[in-house]
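These notes concern the structure reproduced below.
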Amino acid sequence: MPEFKLLFELLPYAREKYNLADQLACKRDGKWHTYSQDDFIRITDHLAFGLMADGLQPGDKVAIISMNRPEWNFADFACIKSGLITVPMYPTLSSKDYEFILNDAEVKVVFVENAEILAKVQEVQERVPSLKKIYSFQEMAEVAHWKACLHQGEEHPQPERLQDIQNSIRPSDLFTIIYTSGTTGVPKGVMLTHSNIVSNIISASKIFPEGRTAYTKALSFLPLCHIFERMVTFAYMYLGIAIYYAESMDTIGDNLKEVRPHYFTTVPRLLEKVYDKIVAKGQELTGLKKKLFFWALNLGLRYELHHANGFWYHLQLALANKIIFSKWREALGGNVQFIFSGAAALQPRLARVFTAAGIIVLEGYGLSETSPVVTANRIEEENRMFGTVGVPIDDVEVRIDTRDGDYRPGEGEICVRGPNVMAGYYKRPDLTAEVIDKDGWFHTGDVGMLINGRFLKITDRKKEVFKTSGGKYVAPQPMENKFKESIYIEQVMVLGENRKFPAALIVPAWDALKKWADRNGLKYANHQELIAQDSVRKLFQSEVDKYNAEFGSWEQVKKFELIPHDWSVDGGEMTPTLKLRRKPILEKYAALVEKMYTEA
């Protein structure tokens, strides 16, 4: 049985069991600052008292809009302790999205990180009648600092009232509403309860090695406003793992070397960038060093679990690990036991090569609506399979619904049932009824199959599968993952709904392309001039032809266009979890899309 049933009980449980001196850590002014579990409890108690002094009542909503930092956790747990419902929001959302979410949730208090976020909130403040107060994590003259709320709580403690509130909270009560950005449409508020998240913490924690006794650390850089990193943070606390926050996405490499973590979570795009940088460095080597590097790399790309490669392969791999892969491990701090990857599909070759290099990558699957983890690959090899998202975690059921759609044998919509499935969408019983059936199965909208009756393989997103005008179904995601294996392709979107054939929009991997251009004596002033050159078009045509060969004739990309700039969250082409926003991309590049089909 779990040692706690309500989320606020996690903190005293962890303090009693581990008493960490550095439960949370962040770097400021070049120095790491740590907060013990005692600090954590004391600060969140006083912050809860401060919010109560502001007049907030259980059930009121508080938004947090900030990058990862200990203050994020303090605000979150202060709300959890006092029966308030946190509404985490991505800093990168537009002011229009801020306005919708703040109004839909009827938020009363907002914690913002900095002046940029404050400006977006103030822009819509007059149109959000529920909003009473704004606190900032960074000190600013125009708004109250979060420590003002903390000091207010220190001056007016209400421990008896706080205890009364906690005594009234039930496992079925909400602790958060998470607005999913989605790839299309208006954000939906996912309602998660204490029992949803506690069940996921307990079950997901079993992914970590059993019998850990030594002190371990994690580096955190994925956004806490997404339930993936937030739940993992709770799991770290439950397991007695110290959490160190990276300074920014740009300093992850340096922070890995400083912190020397044992674990971290990531999304596939970041792993792809790490891999591409490693390969680019290998390309710069010469002579024997270059030959050894690519010998080791190619060896790693052929890696199979369960020693399936045989004795001679593993003898070579031991040598490759000593002379080449040891440098990879050192670049990640030298202590990494495993990396957990989620939020999007991971290319199997990355899992193979990193695992061969002694850096185990465990891919999992989940959604905001499932708190989030549904399945995961495990450390033990009998519960791990490349190309899959692993086996269901404890207490979670997965079934494949083949009744609706034109699927391959054994393939269908992934449905999930368990204590982790959300209470529903906030204020939207109609949308809730569309995705949770009368038997409690949540219909994910993802398409997949069960390998060996156990391992879940995601084959596509139900809503992303399209049909050509010839009536053939095309699943774009597996194609996009395959095309991104090219060192020259950074991002790609396959399209073709109701068209004669599939086509693609491609964002080049600029560093690799520029090096190729320099080797071939090309002259260009900017990205647009570079991609307009015939030899560059021929290069990408050869790459498209190479990967097209892996697919059926009706699936193959017949036309493509190169895009002169990266797709990003700020540009509106990607969600905050780095998934493609297909509809906005199609709208943005409508002229290019028409050109491909008109010329055809």
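Ordered as shown in the structure tokens, chains take letters A, B, and onward, while each chain numbers its residues from 1 and ligands are numbered from 1 in the order shown.
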Taking 5 positions as the minimum chain separation for residues in the same chain, which residues sit within 12 Å of region 524-527 of chain A when counting only C-alpha atoms? Answer as a PyMOL selection string. chain A and resi 507-511+513-514+517-518+532-533+536+562-566
Generate the output file for the selected residues, N, CA and C atoms, as a tab-separated table (two decimals), in the first residue's frame.
```
chain	number	residue	atom	x	y	z
A	507	VAL	N	12.41	21.27	-42.95
A	507	VAL	CA	13.33	22.27	-42.39
A	507	VAL	C	14.72	21.61	-42.34
A	508	PRO	N	15.70	22.15	-43.05
A	508	PRO	CA	17.04	21.54	-43.03
A	508	PRO	C	17.72	21.63	-41.66
A	509	ALA	N	18.64	20.71	-41.43
A	509	ALA	CA	19.54	20.79	-40.26
A	509	ALA	C	20.67	21.72	-40.70
A	510	TRP	N	20.60	22.96	-40.29
A	510	TRP	CA	21.44	24.01	-40.89
A	510	TRP	C	22.93	23.77	-40.72
A	511	ASP	N	23.36	23.33	-39.53
A	511	ASP	CA	24.80	23.13	-39.32
A	511	ASP	C	25.36	22.11	-40.31
A	513	LEU	N	24.00	21.12	-43.16
A	513	LEU	CA	23.85	21.59	-44.54
A	513	LEU	C	24.92	22.63	-44.89
A	514	LYS	N	25.22	23.53	-43.96
A	514	LYS	CA	26.22	24.56	-44.23
A	514	LYS	C	27.61	23.95	-44.40
A	517	ALA	N	27.63	22.51	-47.81
A	517	ALA	CA	27.72	23.59	-48.80
A	517	ALA	C	29.14	24.14	-48.90
A	518	ASP	N	29.79	24.30	-47.75
A	518	ASP	CA	31.16	24.82	-47.74
A	518	ASP	C	32.12	23.84	-48.43
A	532	ALA	N	17.75	27.58	-52.20
A	532	ALA	CA	17.28	27.81	-53.57
A	532	ALA	C	18.22	27.21	-54.62
A	533	GLN	N	19.41	26.77	-54.20
A	533	GLN	CA	20.40	26.29	-55.16
A	533	GLN	C	20.08	24.86	-55.63
A	536	VAL	N	21.57	21.87	-53.78
A	536	VAL	CA	20.94	21.61	-52.48
A	536	VAL	C	19.64	20.84	-52.69
A	562	LEU	N	11.54	23.10	-49.21
A	562	LEU	CA	12.43	23.41	-48.09
A	562	LEU	C	12.02	24.73	-47.44
A	563	ILE	N	12.04	24.75	-46.11
A	563	ILE	CA	11.63	25.92	-45.33
A	563	ILE	C	12.88	26.62	-44.82
A	564	PRO	N	12.98	27.97	-44.97
A	564	PRO	CA	14.23	28.66	-44.64
A	564	PRO	C	14.46	28.97	-43.16
A	565	HIS	N	13.56	28.57	-42.27
A	565	HIS	CA	13.76	28.84	-40.84
A	565	HIS	C	13.18	27.71	-40.01
A	566	ASP	N	13.69	27.56	-38.78
A	566	ASP	CA	13.22	26.49	-37.89
A	566	ASP	C	11.79	26.73	-37.44
```
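Residues of region 246-324 of chain A that DSSP, applied to the backbone, places in strand (DSSP E or B): Tyr263, Phe264, Thr265 and Thr266 of chain A.
Nearest to Ala549 (chain A) of all the residues A:Ile101, A:Ala144, A:Met479, A:Ala591 is A:Met479, counting only C-alpha atoms.
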### Query
Do you know which residues are at most 10 Å from region 118-133 of chain A counting only C-alpha atoms, after dropping those on the same chain fewer than 5 positions away, and could you put them as a PyMOL selection string?
chain A and resi 54+61-63+65+91+93-113+140+142-144
Could you pull the residues within 9 Å of region 39-49 of chain A, counting only C-alpha atoms, minus those fewer than 4 positions along the same chain, as an MDAnalysis selection string?
-> chainID A and resid 11:12 15 21 23:24 35 53:54 73:82 146:147 149:159 162
Would you pick out the contacts of Leu350 (chain A) at 10 Å or less, using only C-alpha atoms, so that residues sharing its chain but fewer than 6 positions from it are not included, and give the list as number ranges by chain?
A: 268, 271-272, 275, 300-301, 356, 361, 386-387, 485
Apply DSSP to the structure's backbone, then extract all residues of region 156-200 of chain A labelled alpha helix (DSSP H) and return them as a CSV table (one decimal) with C-alpha atoms, in the first residue's frame.
```csv
chain,number,residue,atom,x,y,z
A,159,PRO,CA,-1.9,26.2,11.4
A,160,GLU,CA,-5.2,25.1,12.9
A,161,ARG,CA,-7.1,26.3,9.9
A,162,LEU,CA,-4.6,24.7,7.5
A,163,GLN,CA,-5.0,21.4,9.4
A,164,ASP,CA,-8.8,21.7,9.2
A,165,ILE,CA,-8.6,22.3,5.4
A,166,GLN,CA,-6.3,19.3,5.0
A,167,ASN,CA,-8.6,17.1,7.1
A,168,SER,CA,-11.4,18.0,4.7
A,194,HIS,CA,-5.0,13.6,-5.7
A,195,SER,CA,-5.7,9.9,-6.3
A,196,ASN,CA,-4.9,10.3,-10.0
A,197,ILE,CA,-1.4,11.7,-9.4
A,198,VAL,CA,-0.6,9.7,-6.3
A,199,SER,CA,-1.3,6.4,-8.1
A,200,ASN,CA,0.9,7.5,-11.0
```
